[in-house]
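The block underneath contains the structure these notes are about, expressed in structure tokens.
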Amino acid sequence: NKWVYAFGAGYSEGEAGMRELLGGKGANLAEMATLGLPVPPGFTLTTQVCTAFYENKRQFPADLNEQVETALAKLEATAGKVLGDPANPLLVSVRSGGRASMPGMMDTVLNLGLNDETAAGLAELSGDRRFAYDSYRRFIQMYSDVVLGVDHAIFEDILDGFKDENDYSLDTDLSADDWEQIVSRYKTAAATALGRPFPTDPREQLWGAIGAVFMSWMTERAKTYRRLHDIPASWGTAVNVQAMVFGNMGETSATGVAFTRDPSTGDSGYYGEFLVNAQGEDVVAGIRTPQCLTEAMRERMGDHSPSMEAAMPESYAELSAAFDKLERHYRDMQDIEFTVERGRLWMLQTRTGKRTAKAALRIATDMAQEGLITEEEAVMRIDPSHLDQLLHPTLDPKAERDVLTTGLPASPGAATGRVVFDSDEAEERAKAGEKVILVRIETSPEDIHGMHAAEGIVTARGGMTSHAAVVARGMGRPCVSGAGQIKIDYAKKLFMVGRRTVHDGEMVTIDGSNGQVLYGEAKMIKPELTGEFAILMGWADKTRRMKVRANAETPQDCQTAVEFGAEGIGLCRTEHMFFDADRIAAVREMILSNDQDGRVTALDKILPMQRDDFAQIFRIMGELPCTIRLLDPPLHEFLPHTEEDVMDVATATGLPAEQLMARARDLAESNPMLGHRGCRLGITFPEIYEMQARAIFEAQIAVEKETGFQPLAEVMIPLVATVAELSILKARVAGVAQAVAEETGAKPKYLIGTMIELPRACLMSGEIAKDAEFFSFGTNDLTQTTFGLSRDDAGKFLGDYLEAGILEKDPFVTIDRDGVGDLVRIAVERGRATRPELKLGICGEHGGDPASIDFCEDVGLDYVSCSPYRVPIARLAAAQANL
Ligand code: PEP
Ligand code: MG
């Protein structure tokens with residue numbers, strides 16, 4: 001088995017397509033080498049080594065050593081340096097690199113290969129003793145921490161103590177001799193902690209680091225990250241061993257991170273940061289505030305330090321040529337790491353850059369317009385769930401803003417919440433339903449869960465490419481980074497900014513689009529769906545086959561649905577209309593009546609209100625189809641809960657309170673979800689469905705008279721299990737339509753169909769289709785009844801099922817293709833066999849879930865229906881499903 005792949009200037013055994021084997025970083029290093037870009041030579045241990053390691057009791061394959069030696073020899077030949085050779089020492093970095101990027105989650109060791117002899121050699125060779133011993137102490141600390149498990153605080157204490165003894169305040173105050181002394185103290189401390197000397201043999205160091213990186217695949221934080229991002233543990237990580245290049249060799253050296261386009265807005269023009277005389281980690285860790293890459297960016301940010309374009313014009317020119325080459329080659333925005341060592345440029349990494357939804361749209365549409373990709377590729381480039389970011393409110397530009405401070409606009413969008421300073425606490429409080437804003441000096445991979453739980457993130461330190469900024473953009477959380485005026489006191493749980501103090505639990509608002517941190521709650525506005533959004537949705541609409549409707553019952557929701565491009569109402573849950581203040585008393589009166597006369601009296605009161613509800617919907621929806629479902633939930637859901645409510649009903653009906661209570665007890669069920677609900681109500685109390693049907697038809701006629709257009713109602717009978725239920729109720733509804741037509745002299749335009757939400761209905765769908773003009777799959781109930789899993793209670797234990805791998809996804813979120821999906825497929829086939837023109841849709845929550853929408857395309861549904869805010873997501877997902 002080939003476990004190791006080498007690369008270096010002009011040669012590479014791998015290529016970009018081998019990402020599964022080499023990980024993203026290794027594959028792209030190989031590709032950059034092939035493209036002739038200046039890549040420090042190195043080699044990649046494949047993800048298969050990781051898998052083999054874990055399968056074989058954490059032991060490496062027997063022939064790995066030999067392959068590493070061969071690759072190392074090649075590396076040494078290319079670099080012209082030798083690992084462990086005091087006269088000409090090679091230093092390497094050892095880094096993880098999985099198939100999917102897991103920023104900051106895994107371990108890295110830099111400057112490997114140093115010991116007393118090679119450090120002296122490096123000092124000699126570089127002509128810079130200070131640099132050599134600074135690198136050496138960094139290596140001891142990093143290696144001890146990452147590989148040997150020695151607490152890094154020990155080293156920080158030594159350094160702080162040394163600075164105190166010598167009255168130094170900054171690291172830059174230390175001389176070469178000072179660092180050499182630090183090195184010796186570090187070695188002693190490491191030896192004491194370990195009970196044996198710090199390893200000096202570079203080969204031993206190398207294998208220690210390789211082992212540590214593979215081990216870091218299974219740390220808790222890596223597991224959490226994988227769980228949040230759906231990355232299977234079986235993928236494993238690759239390990240890259242690469243010759244070190246140094247951005248910290250004086251003023252002609254630098255290191256930086258750049259994007260080929262702006263990852264926040266998508267604007268074209270390079271976007272990045274660099275630090276002179278620094279190592280790569282310094283940029284990402286947010287320890288020093290970096291400088292802008294380009295002049296344009298520097299002007300925009302009002303920054304005073306010189307840009308790289310101005311400070312290092314030659315390296316910058318070479319770098320920008322590399323950016324263009326990489327973007328054209330990969331045909332996507334790249335996220336690039338580079339180092340300049342004494343004026344010589346080295347490319348350390350390239351990958352497809354993470355971006356906000358806004359930037360994703362801009363970049364995809366720009367690239368399609370530039371001819372770099374096709375319109376269809378542009379449609380495929382956008383993650384539908386990512387659109388969610390754009391569909392939510394932003395801060396009203398006209399609103400009053402009590403600005404506490406302004407940091408960097410690291411991830412756009414606005415968020416309001418209560419201040420919390422700790423990630424564990426953020427998670428707990430979010431779980432308890434609180435909206436929180438996580439405020440940290442800086443974030444690290446240990447904060448991932450807190451960032452995920454928070455509505456937004458603020459950091460006091462760090463640039464636009466700091467951990468907080470990158471992770472927040474990836475998660476779609478608004479973020480303000482580098483708000484340097486904020487002084488956080490974790491112990492007292494407060495932060496100060498100027499003269500003001502904000503305590504834990506106080507409300508703040510952040511605007512990630514301009515970097516403002518505001519005190520209190522600020523007014524938000526609806527998003528504008530124009531520009532690139534509209535262009536891309538236009539391309540999506542051209543591409544999709546399925547229609548997209550919305551689940552909506554209030555005029556406001558219908559309005560939102562139309563604005564978001566809904567092509568009809570797929571589910572109007574009429575029970576929601578029963579709860580409105582003006583009618584709940586009448587509804588209760590109807591339910592608690594002992595006989596049909598009593599019910600009809602109460603229903604007569606409800607009729608005009610229902611009619612008005614439907615009329616409002618039809619006015620908004622025009623001639624778009626509106627699926628209106630007749631009453632579904634068990635009646636006890638509407639019953640009065642308090643004594644006061646009971647008395648109200650007693651007053652309205654003139655019935656004694658005692659009698660009402662007794663009736664309420666009668667209606668109680670031990671298993672209401674499987675009880676007297678859905679069409680079963682219509683069978684027992686046909687007058688309820690007749691009232692609703694009348695309200696629908698009369699509203700149609702009224703709106704038609706008023707506006708001239710002809711509303712289309714699809715009257716839907718819920719929870720049907722037998723064709724007989726449907727036949728009886730269909731006849732009733734059709735009877736009402738007939739009556740209304742005779743009374744008004746106008747004919748309402750309507751279809752009668754059913755929900756398919758019980759397994760028996762799926763199996764009997766051939767029969768049911770005889771009486772149904774449409775089916776709408778109610779996959780919430782269908783999932784509930786197929787699994788025998790209560791949709792209201794499963795949340796309490798489904799987590800265990802997901803954790804144990806019994807279920808891959810929550811079946812109430814993403815449709816279970818194998819089981820529930822198969823029932824849907826059967827129903828589609830049998831239904832269409834009976835009635836080829838049968839209209840088929842889905843209105844369960846799955847109608848807004850991209851993976852489930854893909855399934856709906858597969859089985860050939862005519863439309864999906866989802867909540868209004870998900871309509872654009874569904875439009876895009878439906879387009880992608882059809883590509
Ligand atoms: C369903 O069961 O999928 C459905 C849409 O109906 P409800 O959620 O109202 O039960
Ligand atoms: Mg249902």
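By convention here, the chains of the structure tokens are called A, B, ... in the order presented, each chain's residues are numbered starting at 1, and ligands are numbered starting at 1 in the order presented.
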
**Request:** Residues within 7 Å of ligand 2 should be enumerated using only C-alpha atoms and all ligand atoms and returned as a PyMOL selection string.
**Result:** chain A and resi 718-719+757+778+780-781

*asked:* Give me, as number ranges by chain, the set of residues whose atoms come within 10 Å of any atom of ligand 1, counting only C-alpha atoms and all ligand atoms.
replied: A: 551, 570-576, 629, 631-633, 673, 678, 718-719, 755-758, 776-785, 791, 812, 842-847, 865-866

Give me the residues near region 361-378 of chain A as a list in words, where near means some atom within 7 Å (using only C-alpha atoms) and where sequence neighbours in that chain fewer than 2 positions away do not count. Gly266, Arg331, Ala357, Lys358, Ala359, Met380, Arg381, Ile382, Glu532, Phe533, Leu536 and Trp539 of chain A

Practice problem: Enumerate, as a VMD selection string, the complete set of residues in region 506-689 of chain A that a backbone-based DSSP assignment places in alpha helix (DSSP H). | Solution: chain A and resid 531 to 543 555 to 563 575 to 578 584 to 592 596 to 621 643 to 653 657 to 667 679 to 684 686 to 689

CA of Arg477 (chain A) to CA of His503 (chain A) measures 22.0 Å

Secondary structure check, strand (DSSP E) residues of region 458-632 of chain A, as an mmCIF file with C-alpha atoms, in the first residue's frame:
data_model
loop_
_atom_site.group_PDB
_atom_site.id
_atom_site.type_symbol
_atom_site.label_atom_id
_atom_site.label_comp_id
_atom_site.auth_asym_id
_atom_site.auth_seq_id
_atom_site.Cartn_x
_atom_site.Cartn_y
_atom_site.Cartn_z
ATOM 1 C CA VAL A 458 -17.732 39.731 19.954
ATOM 2 C CA THR A 459 -13.974 39.510 20.490
ATOM 3 C CA CYS A 479 -19.404 38.571 14.568
ATOM 4 C CA VAL A 480 -17.519 41.705 15.555
ATOM 5 C CA SER A 481 -13.846 40.950 16.107
ATOM 6 C CA ILE A 486 -13.454 46.483 25.221
ATOM 7 C CA LYS A 487 -11.714 45.428 28.433
ATOM 8 C CA ILE A 488 -13.076 42.143 29.646
ATOM 9 C CA ASP A 489 -12.901 40.978 33.233
ATOM 10 C CA LEU A 494 -18.247 42.255 32.998
ATOM 11 C CA PHE A 495 -16.653 44.317 30.293
ATOM 12 C CA MET A 496 -15.723 47.955 30.269
ATOM 13 C CA VAL A 497 -15.646 50.208 27.289
ATOM 14 C CA ARG A 500 -19.291 52.289 30.603
ATOM 15 C CA THR A 501 -19.599 48.879 32.163
ATOM 16 C CA VAL A 502 -21.726 46.049 30.808
ATOM 17 C CA HIS A 503 -22.426 43.070 33.016
ATOM 18 C CA MET A 507 -28.702 43.058 26.538
ATOM 19 C CA VAL A 508 -26.470 44.084 23.645
ATOM 20 C CA THR A 509 -26.877 44.137 19.885
ATOM 21 C CA ILE A 510 -24.110 43.622 17.369
ATOM 22 C CA ASP A 511 -23.988 44.626 13.740
ATOM 23 C CA GLN A 516 -20.766 48.098 15.858
ATOM 24 C CA VAL A 517 -21.533 46.837 19.334
ATOM 25 C CA LEU A 518 -24.650 48.532 20.703
ATOM 26 C CA TYR A 519 -26.130 48.660 24.141
ATOM 27 C CA MET A 524 -34.514 45.320 12.915
ATOM 28 C CA ILE A 525 -35.870 45.388 9.366
ATOM 29 C CA LYS A 547 -43.096 24.117 -7.645
ATOM 30 C CA VAL A 548 -42.619 25.633 -4.218
ATOM 31 C CA ARG A 549 -45.508 26.577 -1.986
ATOM 32 C CA ALA A 550 -45.752 27.809 1.583
ATOM 33 C CA ASN A 551 -47.410 26.576 4.743
ATOM 34 C CA ILE A 569 -50.295 27.769 -0.271
ATOM 35 C CA GLY A 570 -49.511 24.111 0.315
ATOM 36 C CA LEU A 571 -51.024 23.941 3.755
ATOM 37 C CA CYS A 572 -53.366 26.310 5.521
ATOM 38 C CA ARG A 573 -53.887 24.818 8.971
ATOM 39 C CA PRO A 625 -53.687 27.501 -5.595
ATOM 40 C CA CYS A 626 -54.489 27.459 -1.884
ATOM 41 C CA THR A 627 -54.647 24.138 -0.092
ATOM 42 C CA ILE A 628 -56.920 24.533 2.892
ATOM 43 C CA ARG A 629 -57.021 21.734 5.360
#

Name all residues at most 10 Å from Val68 (chain A) (count only C-alpha atoms; drop same-chain ones fewer than 3 positions away) and give them as a PyMOL selection string. chain A and resi 3-6+43-45+63-65+71-74+207+241

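Take CA of Ala881 (chain A) and CA of Lys354 (chain A): the distance between them is 22.9 Å.
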
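Atom pair CA of Ser466 (chain A) / CA of Glu442 (chain A) has a distance of 8.4 Å (rounded to one decimal).
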
Quiz prompt | Residues within 8 Å of region 38-40 of chain A, only C-alpha atoms, excluding chain neighbours under 5 positions, as number ranges by chain | solution = A: 8-9, 29, 32-33, 79, 242-245, 345-348

Keeping only N, CA and C atoms, write those residues as a compact mmCIF listing (two decimals), in the first residue's frame.
# COMPACT_ATOMS: atom_id res chain seq x y z
N GLY A 8 6.92 18.86 -4.10
CA GLY A 8 7.92 19.93 -3.98
C GLY A 8 7.97 20.64 -5.30
N ALA A 9 8.73 21.74 -5.35
CA ALA A 9 8.76 22.55 -6.56
C ALA A 9 8.92 21.66 -7.80
N LEU A 29 -1.60 21.17 -1.85
CA LEU A 29 -0.15 21.42 -1.91
C LEU A 29 0.43 20.71 -3.13
N MET A 32 -0.61 22.66 -6.21
CA MET A 32 0.15 23.92 -6.36
C MET A 32 1.56 23.62 -6.85
N ALA A 33 2.15 22.53 -6.36
CA ALA A 33 3.49 22.17 -6.81
C ALA A 33 3.47 21.88 -8.32
N ALA A 79 15.32 20.36 -0.51
CA ALA A 79 15.57 21.52 0.34
C ALA A 79 17.05 21.83 0.45
N GLN A 242 6.44 19.07 6.15
CA GLN A 242 6.88 20.01 5.13
C GLN A 242 8.05 20.85 5.65
N ALA A 243 8.98 21.17 4.74
CA ALA A 243 10.11 22.00 5.14
C ALA A 243 9.59 23.34 5.68
N MET A 244 10.15 23.78 6.80
CA MET A 244 9.76 25.07 7.37
C MET A 244 10.30 26.20 6.51
N VAL A 245 9.47 27.23 6.33
CA VAL A 245 10.01 28.49 5.83
C VAL A 245 9.65 29.52 6.89
N LEU A 345 9.02 34.44 -1.81
CA LEU A 345 7.64 34.03 -1.53
C LEU A 345 7.48 32.52 -1.51
N TRP A 346 6.72 32.03 -0.51
CA TRP A 346 6.37 30.61 -0.45
C TRP A 346 4.86 30.48 -0.26
N MET A 347 4.26 29.55 -1.01
CA MET A 347 2.82 29.31 -0.87
C MET A 347 2.65 28.12 0.07
N LEU A 348 1.90 28.33 1.15
CA LEU A 348 1.78 27.27 2.16
C LEU A 348 0.47 26.52 2.09

Considering only C-alpha atoms, return as a list in words whatever protein or nucleic-acid residues lie within 12 Å of Lys542 (chain A), sequence-local ones (same chain, fewer than 5 positions apart) excluded.
Glu375, Glu376, Val379, Ile535, Leu536, Met537, Lys547, Arg875, Leu876, Ala878, Ala879, Gln880, Asn882 and Leu883 of chain A

Let me see the file: selected residues, C-alpha atoms, as a compact mmCIF listing (two decimals), in the first residue's frame.
# COMPACT_ATOMS: atom_id res chain seq x y z
CA GLU A 375 -25.18 29.54 -14.44
CA GLU A 376 -25.96 26.00 -13.40
CA VAL A 379 -26.77 27.51 -8.69
CA ILE A 535 -30.32 36.93 -10.11
CA LEU A 536 -29.37 33.61 -8.62
CA MET A 537 -32.94 32.75 -7.66
CA LYS A 547 -43.10 24.12 -7.64
CA ARG A 875 -36.55 27.02 -4.58
CA LEU A 876 -32.79 26.63 -4.66
CA ALA A 878 -35.44 22.09 -5.86
CA ALA A 879 -33.21 23.48 -8.62
CA GLN A 880 -30.19 21.60 -7.32
CA ASN A 882 -33.06 18.70 -10.71
CA LEU A 883 -29.45 19.21 -11.86

Glu658 (chain A) surroundings by only C-alpha atoms, 12 Å radius, close-in-sequence under 5 positions cut, as a PyMOL selection string: chain A and resi 592+643+646-647+649-650+663-665

Resulting file, chosen residues, N, CA and C atoms, as a PDB file, in the first residue's frame:
ATOM      1  N   LEU A 592     -68.221  22.148  23.326  1.00  0.00           N
ATOM      2  CA  LEU A 592     -68.817  21.705  24.579  1.00  0.00           C
ATOM      3  C   LEU A 592     -70.327  21.480  24.467  1.00  0.00           C
ATOM      4  N   GLU A 643     -60.429  28.212  35.197  1.00  0.00           N
ATOM      5  CA  GLU A 643     -61.796  28.334  35.686  1.00  0.00           C
ATOM      6  C   GLU A 643     -62.481  29.529  35.018  1.00  0.00           C
ATOM      7  N   VAL A 646     -63.708  28.671  31.681  1.00  0.00           N
ATOM      8  CA  VAL A 646     -64.932  27.859  31.785  1.00  0.00           C
ATOM      9  C   VAL A 646     -66.130  28.767  32.075  1.00  0.00           C
ATOM     10  N   MET A 647     -65.943  29.725  32.969  1.00  0.00           N
ATOM     11  CA  MET A 647     -67.042  30.629  33.304  1.00  0.00           C
ATOM     12  C   MET A 647     -67.473  31.456  32.091  1.00  0.00           C
ATOM     13  N   VAL A 649     -67.379  30.550  28.978  1.00  0.00           N
ATOM     14  CA  VAL A 649     -68.189  29.699  28.112  1.00  0.00           C
ATOM     15  C   VAL A 649     -69.562  29.493  28.744  1.00  0.00           C
ATOM     16  N   ALA A 650     -69.577  29.321  30.058  1.00  0.00           N
ATOM     17  CA  ALA A 650     -70.857  29.122  30.753  1.00  0.00           C
ATOM     18  C   ALA A 650     -71.771  30.326  30.519  1.00  0.00           C
ATOM     19  N   ARG A 663     -68.163  17.583  30.340  1.00  0.00           N
ATOM     20  CA  ARG A 663     -67.989  17.375  28.901  1.00  0.00           C
ATOM     21  C   ARG A 663     -66.487  17.395  28.537  1.00  0.00           C
ATOM     22  N   ALA A 664     -65.767  18.308  29.183  1.00  0.00           N
ATOM     23  CA  ALA A 664     -64.326  18.382  28.952  1.00  0.00           C
ATOM     24  C   ALA A 664     -63.665  17.083  29.377  1.00  0.00           C
ATOM     25  N   ARG A 665     -64.102  16.532  30.493  1.00  0.00           N
ATOM     26  CA  ARG A 665     -63.518  15.257  30.947  1.00  0.00           C
ATOM     27  C   ARG A 665     -63.815  14.143  29.953  1.00  0.00           C
TER      28      ARG A 665
END
